[in-house]
>>> print(open('run-v5.txt').read())   # compact mmCIF, C-alpha atoms
# COMPACT_ATOMS: atom_id res chain seq x y z
CA MET A 239 -10.91 15.59 8.40
CA LEU A 240 -9.92 13.69 5.28
CA THR A 241 -12.54 11.46 3.69
CA ILE A 242 -11.65 8.70 1.23
CA ALA A 243 -14.57 6.65 -0.06
CA ASP A 244 -16.73 6.42 3.09
CA HIS A 245 -13.88 6.49 5.58
CA GLN A 246 -12.71 9.46 7.60
CA PHE A 247 -9.12 10.04 8.71
CA GLU A 248 -7.98 12.51 11.33
CA SER A 249 -4.37 12.06 10.29
CA ARG A 250 -3.19 13.00 6.81
CA LEU A 251 -0.04 10.95 7.17
CA PHE A 252 -0.24 7.44 5.77
CA THR A 253 2.62 5.07 6.46
CA GLY A 254 4.16 1.96 5.00
CA THR A 255 5.28 -1.00 7.07
CA GLY A 256 8.31 -2.06 5.01
CA LYS A 257 12.03 -1.87 5.74
CA PHE A 258 11.85 -1.59 9.53
CA ALA A 259 14.57 -3.51 11.34
CA GLN A 260 12.10 -5.00 13.81
CA PRO A 261 8.29 -5.37 13.81
CA GLU A 262 8.20 -3.77 17.26
CA THR A 263 10.00 -0.69 15.92
CA MET A 264 7.54 -0.49 13.03
CA LEU A 265 4.56 -0.63 15.38
CA ALA A 266 6.04 2.00 17.69
CA ALA A 267 6.95 4.29 14.78
CA ILE A 268 3.44 4.03 13.32
CA LYS A 269 1.99 4.84 16.71
CA ALA A 270 4.28 7.88 17.02
CA SER A 271 3.31 9.00 13.51
CA GLN A 272 -0.42 8.89 14.47
CA SER A 273 -1.06 7.37 11.06
CA GLN A 274 -4.45 5.75 10.65
CA LEU A 275 -3.87 4.05 7.29
CA VAL A 276 -0.93 1.70 6.78
CA THR A 277 0.13 -0.30 3.78
CA LEU A 278 0.95 -3.98 3.65
CA ALA A 279 2.08 -6.30 0.90
CA VAL A 280 1.02 -9.79 -0.16
CA LYS A 281 3.66 -12.44 -0.75
CA ARG A 282 3.92 -16.16 -1.30
CA LEU A 283 4.60 -17.79 2.05
CA ASP A 284 8.11 -19.10 2.47
CA LEU A 285 7.47 -22.54 3.96
CA SER A 286 10.84 -22.65 5.66
CA THR A 287 11.09 -19.18 7.17
CA GLY A 288 7.44 -18.35 7.74
CA SER A 289 6.01 -14.85 7.79
CA ASP A 290 6.29 -11.69 9.81
CA ASN A 291 3.05 -12.11 11.75
CA ILE A 292 2.60 -8.37 11.80
CA LEU A 293 -1.12 -8.46 11.06
CA GLN A 294 -2.57 -9.02 14.51
CA PRO A 295 -0.55 -6.29 16.24
CA LEU A 296 -1.53 -3.85 13.48
CA LEU A 297 -5.20 -4.78 13.85
CA ASP A 298 -4.88 -4.39 17.61
CA SER A 299 -3.45 -0.89 17.10
CA GLY A 300 -6.67 0.16 15.38
CA VAL A 301 -5.20 1.37 12.07
CA LYS A 302 -6.96 0.77 8.78
CA LEU A 303 -5.07 -1.57 6.47
CA LEU A 304 -4.28 -0.80 2.86
CA PRO A 305 -2.90 -3.85 1.04
CA ASN A 306 -0.81 -3.09 -2.00
CA THR A 307 -0.23 -5.02 -5.21
CA ALA A 308 3.55 -4.60 -5.19
CA GLY A 309 5.23 -7.26 -7.26
CA ALA A 310 2.50 -7.20 -9.89
CA ARG A 311 3.85 -6.57 -13.38
CA ASN A 312 0.59 -6.37 -15.29
CA VAL A 313 -3.20 -6.09 -15.02
CA LYS A 314 -3.75 -9.78 -14.40
CA GLU A 315 -1.24 -10.04 -11.55
CA ALA A 316 -2.49 -6.86 -9.91
CA ILE A 317 -6.08 -8.05 -9.94
CA PHE A 318 -5.00 -11.41 -8.54
CA ALA A 319 -3.11 -9.62 -5.74
CA ALA A 320 -6.14 -7.44 -4.95
CA HIS A 321 -8.36 -10.53 -4.77
CA LEU A 322 -5.86 -12.29 -2.49
CA ALA A 323 -5.67 -9.27 -0.23
CA ARG A 324 -9.43 -9.06 0.05
CA GLU A 325 -9.60 -12.75 0.92
CA MET A 326 -6.83 -12.35 3.46
CA LEU A 327 -7.77 -9.10 5.13
CA GLY A 328 -11.47 -8.74 4.38
CA THR A 329 -10.94 -5.29 2.86
CA ASN A 330 -11.92 -4.03 -0.57
CA TRP A 331 -9.38 -1.21 -0.33
CA VAL A 332 -6.29 -1.63 -2.45
CA LYS A 333 -3.22 0.42 -3.23
CA LEU A 334 -2.81 -0.45 -6.88
CA GLU A 335 0.81 -0.49 -7.93
CA ILE A 336 2.18 -2.06 -11.07
CA HIS A 337 5.88 -1.48 -11.66
CA PRO A 338 7.62 -4.02 -13.85
CA ASP A 339 10.97 -2.18 -13.87
CA PRO A 340 13.01 -3.21 -10.81
CA LYS A 341 15.58 -0.42 -11.04
CA TYR A 342 13.41 2.69 -10.85
CA LEU A 343 10.08 1.04 -9.94
CA MET A 344 8.29 3.36 -12.34
CA PRO A 345 4.57 2.62 -12.35
CA ASP A 346 3.20 1.34 -15.67
CA PRO A 347 0.42 3.81 -16.56
CA ILE A 348 -1.30 1.66 -19.18
CA GLU A 349 -1.55 -1.45 -17.04
CA THR A 350 -2.50 0.64 -13.99
CA LEU A 351 -5.39 2.41 -15.73
CA GLU A 352 -6.83 -0.84 -17.04
CA ALA A 353 -6.45 -2.63 -13.69
CA ALA A 354 -8.03 0.35 -11.93
CA ARG A 355 -11.01 0.28 -14.30
CA ILE A 356 -11.61 -3.43 -13.66
CA LEU A 357 -11.13 -3.24 -9.89
CA CYS A 358 -13.44 -0.22 -9.60
CA GLU A 359 -16.10 -2.16 -11.54
CA GLN A 360 -15.61 -5.02 -9.08
CA GLY A 361 -16.36 -2.69 -6.18
CA TYR A 362 -12.87 -2.05 -4.89
CA VAL A 363 -11.77 1.22 -3.33
CA VAL A 364 -8.78 1.79 -5.59
CA LEU A 365 -5.87 4.07 -4.67
CA PRO A 366 -3.48 3.92 -7.62
CA TYR A 367 0.23 4.66 -7.32
CA VAL A 368 1.20 6.52 -10.49
CA HIS A 369 3.68 8.92 -11.97
CA ALA A 370 2.80 12.57 -11.40
CA ASP A 371 0.89 12.70 -14.66
CA PRO A 372 -2.12 15.05 -14.54
CA VAL A 373 -3.78 13.45 -17.57
CA LEU A 374 -3.47 9.96 -16.16
CA CYS A 375 -4.78 11.13 -12.78
CA ARG A 376 -7.87 12.54 -14.51
CA ARG A 377 -8.41 9.27 -16.35
CA LEU A 378 -8.06 7.30 -13.10
CA GLU A 379 -10.61 9.56 -11.49
CA GLU A 380 -12.98 8.98 -14.41
CA VAL A 381 -12.84 5.20 -14.02
CA GLY A 382 -13.79 5.57 -10.36
CA CYS A 383 -10.62 5.64 -8.27
CA ALA A 384 -11.22 6.89 -4.73
CA ALA A 385 -7.96 8.86 -4.69
CA VAL A 386 -4.78 9.20 -6.71
CA MET A 387 -1.27 8.64 -5.42
CA PRO A 388 1.25 10.43 -7.62
CA LEU A 389 4.92 9.99 -6.82
CA GLY A 390 7.26 12.73 -5.62
CA SER A 391 10.35 10.82 -6.77
CA PRO A 392 11.32 7.13 -7.14
CA ILE A 393 10.18 4.78 -4.36
CA GLY A 394 12.54 4.70 -1.41
CA SER A 395 14.87 7.29 -2.95
CA ASN A 396 14.29 10.07 -0.37
CA GLN A 397 14.70 12.63 -3.19
CA GLY A 398 11.60 14.60 -2.25
CA LEU A 399 9.23 16.38 -4.62
CA ALA A 400 11.07 16.11 -7.93
CA THR A 401 7.67 16.24 -9.64
CA GLU A 402 6.46 19.40 -7.92
CA THR A 403 5.30 21.23 -11.05
CA PHE A 404 3.06 18.33 -12.02
CA LEU A 405 1.84 17.66 -8.50
CA LYS A 406 0.53 21.23 -8.45
CA ILE A 407 -1.47 20.61 -11.62
CA ILE A 408 -2.84 17.33 -10.27
CA ILE A 409 -3.86 18.99 -7.00
CA GLU A 410 -5.52 21.84 -8.90
CA GLN A 411 -7.52 19.54 -11.14
CA ALA A 412 -8.41 16.61 -8.90
CA ASN A 413 -11.89 15.97 -7.57
CA VAL A 414 -10.63 13.07 -5.45
CA PRO A 415 -8.02 13.20 -2.69
CA VAL A 416 -4.41 13.49 -3.86
CA ILE A 417 -1.94 11.53 -1.76
CA VAL A 418 1.69 12.23 -2.56
CA ASP A 419 3.37 8.86 -2.39
CA ALA A 420 6.98 7.80 -2.78
CA GLY A 421 10.20 9.70 -2.48
CA ILE A 422 9.37 11.93 0.48
CA GLY A 423 12.60 11.73 2.43
CA ALA A 424 12.36 14.45 5.08
CA PRO A 425 9.64 15.99 7.22
CA SER A 426 10.20 19.35 5.48
CA GLN A 427 9.30 17.71 2.16
CA ALA A 428 6.09 16.36 3.67
CA THR A 429 5.29 19.85 4.93
CA HIS A 430 5.93 21.21 1.46
CA ALA A 431 3.63 18.66 -0.17
CA MET A 432 0.88 19.59 2.27
CA GLU A 433 1.47 23.33 1.71
CA LEU A 434 0.91 22.69 -2.01
CA GLY A 435 -2.52 21.36 -1.11
CA ALA A 436 -1.97 17.62 -1.13
CA ASP A 437 -4.69 15.88 0.87
CA ALA A 438 -2.24 13.43 2.45
CA VAL A 439 1.22 11.95 2.06
CA LEU A 440 2.42 8.38 2.31
CA VAL A 441 5.80 7.86 3.94
CA ASN A 442 7.69 4.64 4.52
CA THR A 443 11.43 4.65 3.84
CA ALA A 444 12.11 8.04 5.43
CA ILE A 445 10.75 6.78 8.73
CA ALA A 446 11.95 3.17 8.51
CA SER A 447 15.50 4.04 7.47
CA SER A 448 16.00 6.73 10.11
CA SER A 449 18.34 5.78 12.92
CA ASP A 450 15.44 6.57 15.25
CA PRO A 451 12.25 5.59 13.42
CA VAL A 452 9.98 6.32 16.37
CA ALA A 453 11.25 9.89 16.73
CA MET A 454 11.08 10.34 12.96
CA GLY A 455 7.47 9.08 12.91
CA HIS A 456 6.63 11.80 15.41
CA CYS A 457 8.47 14.41 13.31
CA PHE A 458 6.45 13.47 10.25
CA ALA A 459 3.21 13.74 12.22
CA GLN A 460 4.10 17.32 13.14
CA ALA A 461 5.35 18.13 9.65
CA VAL A 462 2.19 16.97 7.92
CA ASN A 463 0.02 18.80 10.41
CA THR A 464 2.04 22.01 10.02
CA GLY A 465 1.88 21.83 6.23
CA ARG A 466 -1.87 21.30 6.30
CA GLN A 467 -2.42 24.19 8.70
CA ALA A 468 -0.25 26.44 6.51
CA TYR A 469 -2.24 25.46 3.43
CA ILE A 470 -5.50 26.30 5.20
CA ALA A 471 -4.10 29.58 6.50
CA GLY A 472 -2.98 30.46 2.97
CA LEU A 473 0.60 31.14 1.95
CA GLY A 474 1.61 34.65 1.02
CA ALA A 475 2.29 35.48 -2.63
CA VAL A 476 5.79 34.96 -4.03
CA SER A 477 7.31 37.93 -5.84
CA HIS A 478 10.59 38.69 -7.55
CA GLN A 479 10.99 42.14 -5.98
CA ALA A 480 11.33 43.06 -2.35
CA HIS A 481 8.36 44.60 -0.58
CA ASN A 482 9.11 46.46 2.60
CA THR A 483 7.68 45.15 5.83
CA SER A 484 8.68 48.27 7.81
CA PRO A 485 7.90 51.89 6.93
CA LEU A 486 10.72 53.43 4.83
CA THR A 487 10.37 56.97 6.12
CA GLY A 488 14.06 57.58 6.86
CA PHE A 489 13.17 58.67 10.44
CA LEU A 490 16.80 59.18 11.49
CA ASN A 491 17.05 62.15 9.12
CA GLU A 492 13.81 63.82 10.05
CA MET B 194 -2.55 -50.52 2.80
CA ASN B 195 0.15 -49.46 0.37
CA LYS B 196 1.34 -45.93 1.06
CA ALA B 197 1.17 -45.20 -2.65
CA THR B 198 -2.58 -45.68 -2.58
CA ASP B 199 -3.44 -43.65 0.50
CA SER B 200 -1.48 -40.53 -0.25
CA ILE B 201 -1.20 -38.15 -3.18
CA ASP B 202 1.38 -35.68 -4.37
CA ILE B 203 0.48 -32.02 -4.48
CA SER B 204 2.69 -28.98 -4.84
CA ILE B 205 2.75 -26.19 -2.30
CA ASN B 206 4.56 -23.03 -3.34
CA ASP B 207 6.55 -25.13 -5.84
CA GLU B 208 7.56 -27.78 -3.31
CA THR B 209 6.20 -31.30 -3.80
CA LYS B 210 4.42 -32.60 -0.71
CA GLN B 211 2.59 -35.83 0.08
CA VAL B 212 -0.77 -35.54 1.73
CA ALA B 213 -3.42 -38.12 2.63
CA ILE B 214 -6.13 -38.82 0.09
CA ASN B 215 -9.23 -36.73 0.78
CA SER B 216 -7.26 -34.17 2.78
CA THR B 217 -9.24 -30.98 3.03
CA VAL B 218 -7.73 -27.65 2.05
CA GLN B 219 -8.10 -26.70 5.70
CA SER B 220 -5.97 -29.60 6.87
CA VAL B 221 -3.23 -28.87 4.34
CA ILE B 222 -3.10 -25.24 5.44
CA GLU B 223 -3.04 -26.22 9.08
CA ILE B 224 -0.05 -28.47 8.46
CA TYR B 225 2.06 -26.27 6.23
CA ALA B 226 1.11 -22.70 7.05
CA GLU B 227 1.15 -23.32 10.77
CA LEU B 228 4.41 -25.25 10.54
CA ALA B 229 5.89 -22.24 8.79
CA GLY B 230 4.81 -20.13 11.74
CA ALA B 231 2.29 -18.15 9.73
CA ASP B 232 -0.87 -16.67 11.20
CA VAL B 233 -3.63 -18.73 9.56
CA ASN B 234 -5.92 -15.71 9.79
CA ALA B 235 -3.52 -13.85 7.51
CA ILE B 236 -3.38 -16.47 4.77
CA ALA B 237 -4.96 -16.75 1.35
CA VAL B 238 -4.82 -19.81 -0.85
CA ALA B 239 -5.01 -20.36 -4.57
CA ILE B 240 -5.29 -23.85 -6.02
CA ASN B 241 -4.38 -24.16 -9.69
CA SER B 242 -4.33 -20.35 -9.92
CA GLU B 243 -7.84 -19.95 -8.52
CA ILE B 244 -8.37 -18.38 -5.11
CA VAL B 245 -10.25 -20.67 -2.74
CA PRO B 246 -12.27 -18.59 -0.27
CA ARG B 247 -11.83 -19.42 3.39
CA VAL B 248 -15.45 -20.65 3.68
CA ARG B 249 -14.61 -23.51 1.31
CA TRP B 250 -11.45 -24.69 3.07
CA GLN B 251 -13.35 -27.24 5.18
CA SER B 252 -15.42 -28.71 2.38
CA GLU B 253 -12.91 -28.79 -0.47
CA CYS B 254 -10.55 -31.77 -0.87
CA CYS B 255 -7.16 -31.92 -2.56
CA LEU B 256 -6.65 -33.81 -5.80
CA ALA B 257 -3.40 -35.36 -6.98
CA GLY B 258 -1.30 -32.81 -8.82
CA ASP B 259 -3.03 -29.79 -7.30
CA LYS B 260 -0.85 -26.72 -7.28
CA PHE B 261 -1.31 -24.90 -4.00
CA GLU B 262 -0.08 -21.37 -3.60
CA ILE B 263 -0.24 -20.05 -0.05
CA PHE B 264 0.11 -16.29 0.40
CA SER B 265 0.59 -14.26 3.53
CA VAL B 266 0.64 -10.63 4.55
CA VAL B 267 4.07 -9.07 4.81
CA ALA B 268 5.43 -5.63 5.54
CA GLY B 269 5.43 -3.29 2.57
CA GLY B 270 5.11 0.30 1.50
>>> encode(input="run-v5.txt", output="structure tokens")
Amino acid sequence: MLTIADHQFESRLFTGTGKFAQPETMLAAIKASQSQLVTLAVKRLDLSTGSDNILQPLLDSGVKLLPNTAGARNVKEAIFAAHLAREMLGTNWVKLEIHPDPKYLMPDPIETLEAARILCEQGYVVLPYVHADPVLCRRLEEVGCAAVMPLGSPIGSNQGLATETFLKIIIEQANVPVIVDAGIGAPSQATHAMELGADAVLVNTAIASSSDPVAMGHCFAQAVNTGRQAYIAGLGAVSHQAHNTSPLTGFLNE
Amino acid sequence: MNKATDSIDISINDETKQVAINSTVQSVIEIYAELAGADVNAIAVAINSEIVPRVRWQSECCLAGDKFEIFSVVAGG
């Protein structure tokens, strides 16, 4: 069982709600994924086209909601987004993300650390999306973040764990849950992240952009579970040389 | 009564709108958010860059020139 702040999760797969072709597909894929924590965004209402109205069906499905601050470019905007989300959803949980660069969506570490410090002081449960920077993750932990969410590769890129070396260091050092977020493009990559000892993974694009998101949601559920079980069981040591698994007694000649 | 005296201009998400004098925040949201098909339970409002908590929507009135920003929940990762 994974515990973040005072909340327990049976599933270690968190999911995003973006990029699905239809809200119904999103809801069905989340159900198939068995995810219990899903992200949402906050946006100015378009008076002519309205909004998705995805909130009520998500609430009805029983998942916990994690609003994000996507679109925020600095501390001030991120805090404003967190306050809006709390007003809207009645939750003090927030996925803090500040990425001013629209091409690579790289999280701004300086703005993120300062926003995290302020939001933690204000009583928020802060889950910051950051680069896989072990020093930054320590600093975020020190200011009171409930978890850290280092990226595997750029958001939505499906490139997998490009940051593996640094994820290992973060996992080794962290005293709060480590959730590998962004870039996980295949169930095998989710398994790998869990085998490394990640506490959870967050997946959105890989499920939403599959030609069968519901089936893919189910695949990710199995992949995350398998990776976690393998981590608990303990992986065998890696070595350069071969080590025989059968006796080498040359029995044909004896 | 002259229309100019019983209505005021406010802006909602950068669009200028006329509303009756003494309109409550609640009534403005009911008109515009509901017209846009948004779930009013999934709305937050800032007036002049300050978030107005839901508990004050009934008691707070609009003033001429107020800048409303209405936010809603959308899908996101």
>>> interface_residues(input="run-v5.txt", of="chain B", to="chain A", cutoff="12 Å", atoms="all atoms listed in the file", output="PyMOL selection string")
chain B and resi 204-210+222+224-239+242-249+261-270
>>> atom_distance(input="run-v5.txt", atom1="atom CA of A:Leu365", atom2="atom CA of A:Met454")
25.2 Å
>>> residues_around(input="run-v5.txt", residues="B:Ala213", least_positions_apart="2", cutoff="8 Å", atoms="all atoms listed in the file", output="list in words")
Asp199, Ser200, Ile201, Gln211, Asn215 and Ser216 of chain B
>>> atom_distance(input="run-v5.txt", atom1="atom CA of A:Val368", atom2="atom CA of A:Ala270")
27.7 Å
>>> atom_distance(input="run-v5.txt", atom1="atom CA of A:Glu352", atom2="atom CA of A:Pro372")
16.8 Å
>>> residues_near_point(input="run-v5.txt", point="(-2.5, -27.7, -12.5)", cutoff="10 Å", atoms="all atoms listed in the file", output="PyMOL selection string")
chain B and resi 203-204+240-242+256-261
>>> residues_near_point(input="run-v5.txt", point="(9.7, 14.9, -4.9)", cutoff="12 Å", atoms="only C-alpha atoms", output="ChimeraX atom specification")
/A:369-370,388-406,418-424,426-431,439,441
>>> closest_residue(input="run-v5.txt", among="A:Val462, A:Ala353, A:Ile242, A:Cys383", to="A:Glu315", atoms="all atoms listed in the file")
A:Ala353
